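Input: a single structure, listed below in structure tokens.
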Amino acid sequence: MNTSPASSFLQKIIERRWLGKVFLLLVTLLAAWQLVSALQTNPLLFLQQIVNGLQLGFVYALIALGYTMVYGIVRLINFAHGDVFMIGAFVSFYSVTRFQAHLWPKALLPGLPDGVAIAIGAIIVIVISMISCALLAIIIERIAYKPLRNAPRISALITAIGVSFFLEYFAALQFVFTPNFITYKRPIEVVTWAISANGIVPLRGNAPPEGSILFSNIALIIILTSIALLLGLQFIVRQTRIGKAMRAVAYDKQTARLMGINADGIISTTFAIGAALAGAGGMLYAIAFSQIFFWMGILPGLKSFVAAVLGGIGSIPGAFVGALIMGQAEVLSAAYISTPLRDAIAFSILIIVLLVRPTGIFGEPEREKA
Amino acid sequence: MSKRLFVVFSLLVVASLVLTACGGAAGGDKIKVAILAPLSGPVPTFGVSTRDGALLAIEEWNAKGGVLGKQIEAVVADSQCTADPAVNAANKVIDQDGVKYIVGEVCSKASIPVSEIAEAKGVVQISPTSTNPAVTVDPNTGKTKQYIFRACFIDPFQGLVMAKFALGQGKKTAFIMYDKGNDYVLGLAEAFEKSFTEGGGTIVGKEAYTSQDTDFSAILTKVADSKADVLFLPDYYNIVNLVGAQAKERGVTAVMMGGDGWDSSDLDLTAADGGFFSNHYSAEDTRPIVQDFVKRYEAKYGSKPDALATLAYDATNLLLAAIEKAGADDPAKVKDALAALQYDAVSGKITFDASHNPIKSAVVMQVKDGKVVFAESVAP
């Protein structure tokens, strides 16, 4: 034991755990003060940025749910999930460009009004990409994860990273998808509405009127679709037999098996549902940014993972709330702190959560299992 | 039958090769110019355009009676856009063929090692399209390489051109978006900011992003709020596509402007609609010298010349004009003549600055109704 005065002073500081917390509190207060002052100087601009963050947050929510569901049931962080999201985007792109899936209702039932036909067409496209991703996830689970069910957790984690790389470079092959960026024309026209005290006016290439907030039909589609899917998921988990079985397996796999639940089937179903949500997220992302490429899943995947941890990994409402917070954190830090730092800030949230509340907002402390 | 045809054809090829070789050996009073072009490797189309442009220039000079009363002989070598093959090709043409003048290479990473050989052996080199500053200036000493020139402008120059163009269009305020990690973008953005403020404009905002970003909503909301006249975005087409599409959703009315990174068949013409970007050259340029050149090139090769062919044509012409002005087949005199040359080239009036970079005009292209059209030629 070194007893020089300097080192014993350091020792004392390290022992005071609250020092770190005070520092974090200061940083948080500083950020909050920055945001409040931004709100005061230009409240409309601030609200507009919140709307921008919502659009991003809802896409993250769809991906984060997959992470959290899979973690809840098999305690595996499925790093390939972001790449399933990428596959979903590509599948929706090809089903629109190659197979014109969005025009099928019009071709089959020419009598349908245009608006209804394109809405049904969009639902067909989203269902195609959800089903493809669900099938892909079942295959991945059977081939890569199931044989490792009883192996140490680290093995499954490393396998997940391997699967992630495999999906990326497989998609980059010329005869699978493509190694290039694809930019495309959206199948629907973008309409932006300017919402102000004087009512709602569509914006047609001209400057928005004073004191208005812009809201595009893209944002509307993303938010409504996400909410519908989230409600559907909540229904499945809370109200159906499968949902009940999923919760039972998540709670205790061995006992659930003894009660006659097909645990492997339930695990596959969980993977499939999570992947289907990521597939839908991929399509929405592709609509929002009209550019896809084989690495597009990495960053949204990582950020959604942070969102899931922030909300409390394993908790479905937690993933949703965490994703909305991530969307806001990213857009607001880009708007008011620094754009190049936005990812750094997003990921430092992960560090802060792990330091201050490792179980996340909605998470329960880890149960010790016998 | 086909076999016999093949044999006859091969004999013809061999005969022609032998004859050319004879011509080369016999003609001691010829001026040899080497063309180093990447005819194989990653960018063979660049190489073919460069070779064709340079050969057309040489052919035209020969038809006029050559330079200093001597015919010009082209020595074409494949340099593959890669350092090692380019060095081998340069050594071969200098030591074996006795060439004293080199047009090439296309790629900076091949031009830089070639320039070191040329400088050491006292051979004049002019690169048509290598934009890296280290081609003409030694990065270690900061001194200009005496024998090395280029025919294209370097990247930051486009920022100056676009600032001038924007001010000329009556634009007063500009917002700059740039990728902090990309030297090309950074160079253009800095040059634009400097020239635009010097010309009386105001930069109302400057935001950085990273090349992995896809969501630009936060920045674009700021751009819309700033009510800037111009949004300067000197990045490659993939970022331009993303930003352009999102800008329209966020109510941005600023005119988008950028550099030759926009020049791609993958540029989303709807997203970039109404935008302007600078480039080296346009076949639609209305100046008579351009239209004459396009006609001659099309007559010989059957296609419109691209920027590479045009710059190779200009580079060769610059070199030959300098030899004529020097009045002697001596690289030491030719390099001085070239540094002091004023030449009316296809891609613009060219003079060289102290770093052997050309000072010349650039063209500004506009994205309009799903097409990229020539807007105007801007002199610095």
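Following the order of the structure tokens, chains are lettered A, B, ..., residues in each are numbered from 1, and ligands are numbered from 1.
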**Message:** Show me, as a ChimeraX atom specification, every residue of chain B with an atom at most 12 Å from chain A, counting only C-alpha atoms.
**Reply:** /B:177-181,206-229,236-255,265-271,273-274
**Asked** So which residues touch region 30-36 of chain B within 6 Å, counting only C-alpha atoms, skipping near sequence neighbours fewer than 4 positions away, as a list in words?
**Response**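 After dropping sequence-adjacent residues, the list is Lys70, Gln71, Ile72, Glu73, Ala74, Val75, Val76, Ala77, Ser79, Val99, Tyr101, Ile102, Val103, Gly104 and Glu105 of chain B.
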List the neighbours of Asp292 (chain B) out to 12 Å using only C-alpha atoms; skip same-chain residues closer than 6 positions along the sequence, and give me the result as a PDB file with N, CA and C atoms, in the first residue's frame.
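The resulting out_7.pdb:
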ATOM      1  N   ALA B 283     -19.326  19.485 -73.661  1.00  0.00           N
ATOM      2  CA  ALA B 283     -19.416  19.391 -75.125  1.00  0.00           C
ATOM      3  C   ALA B 283     -20.487  20.339 -75.662  1.00  0.00           C
ATOM      4  N   GLU B 284     -21.342  20.858 -74.745  1.00  0.00           N
ATOM      5  CA  GLU B 284     -22.395  21.777 -75.181  1.00  0.00           C
ATOM      6  C   GLU B 284     -21.953  23.226 -75.126  1.00  0.00           C
ATOM      7  N   ASP B 285     -20.725  23.464 -74.656  1.00  0.00           N
ATOM      8  CA  ASP B 285     -20.214  24.826 -74.590  1.00  0.00           C
ATOM      9  C   ASP B 285     -20.333  25.453 -75.974  1.00  0.00           C
ATOM     10  N   THR B 286     -20.838  26.698 -76.029  1.00  0.00           N
ATOM     11  CA  THR B 286     -21.136  27.296 -77.333  1.00  0.00           C
ATOM     12  C   THR B 286     -19.936  27.976 -77.972  1.00  0.00           C
ATOM     13  N   GLU B 298     -15.495  13.912 -83.201  1.00  0.00           N
ATOM     14  CA  GLU B 298     -16.576  13.002 -83.595  1.00  0.00           C
ATOM     15  C   GLU B 298     -16.303  12.399 -84.964  1.00  0.00           C
ATOM     16  N   ALA B 299     -15.745  13.208 -85.883  1.00  0.00           N
ATOM     17  CA  ALA B 299     -15.451  12.711 -87.223  1.00  0.00           C
ATOM     18  C   ALA B 299     -14.422  11.591 -87.156  1.00  0.00           C
ATOM     19  N   LYS B 304     -18.740  11.688 -78.858  1.00  0.00           N
ATOM     20  CA  LYS B 304     -18.426  13.023 -78.335  1.00  0.00           C
ATOM     21  C   LYS B 304     -17.262  12.915 -77.366  1.00  0.00           C
ATOM     22  N   PRO B 305     -16.326  13.873 -77.394  1.00  0.00           N
ATOM     23  CA  PRO B 305     -15.198  13.811 -76.451  1.00  0.00           C
ATOM     24  C   PRO B 305     -15.664  14.076 -75.026  1.00  0.00           C
ATOM     25  N   ALA B 345      -6.912  27.267 -75.219  1.00  0.00           N
ATOM     26  CA  ALA B 345      -7.203  25.843 -75.349  1.00  0.00           C
ATOM     27  C   ALA B 345      -8.712  25.606 -75.376  1.00  0.00           C
ATOM     28  N   VAL B 346      -9.085  24.360 -75.685  1.00  0.00           N
ATOM     29  CA  VAL B 346     -10.508  24.028 -75.763  1.00  0.00           C
ATOM     30  C   VAL B 346     -11.188  24.228 -74.413  1.00  0.00           C
TER      31      VAL B 346
END
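If you measure from each of A:Ser348, A:Asn262, A:Thr270, A:Ser212 to Ile138 (chain A) using only C-alpha atoms, the closest one turns out to be A:Thr270.
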**Request:** Using only C-alpha atoms, pick whichever of A:Ile266, A:Ile77, A:Ala250, A:Ala156 has the shortest atom-to-atom distance to Ala64 (chain A).
**Result:**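 Closest candidate: A:Ile77.
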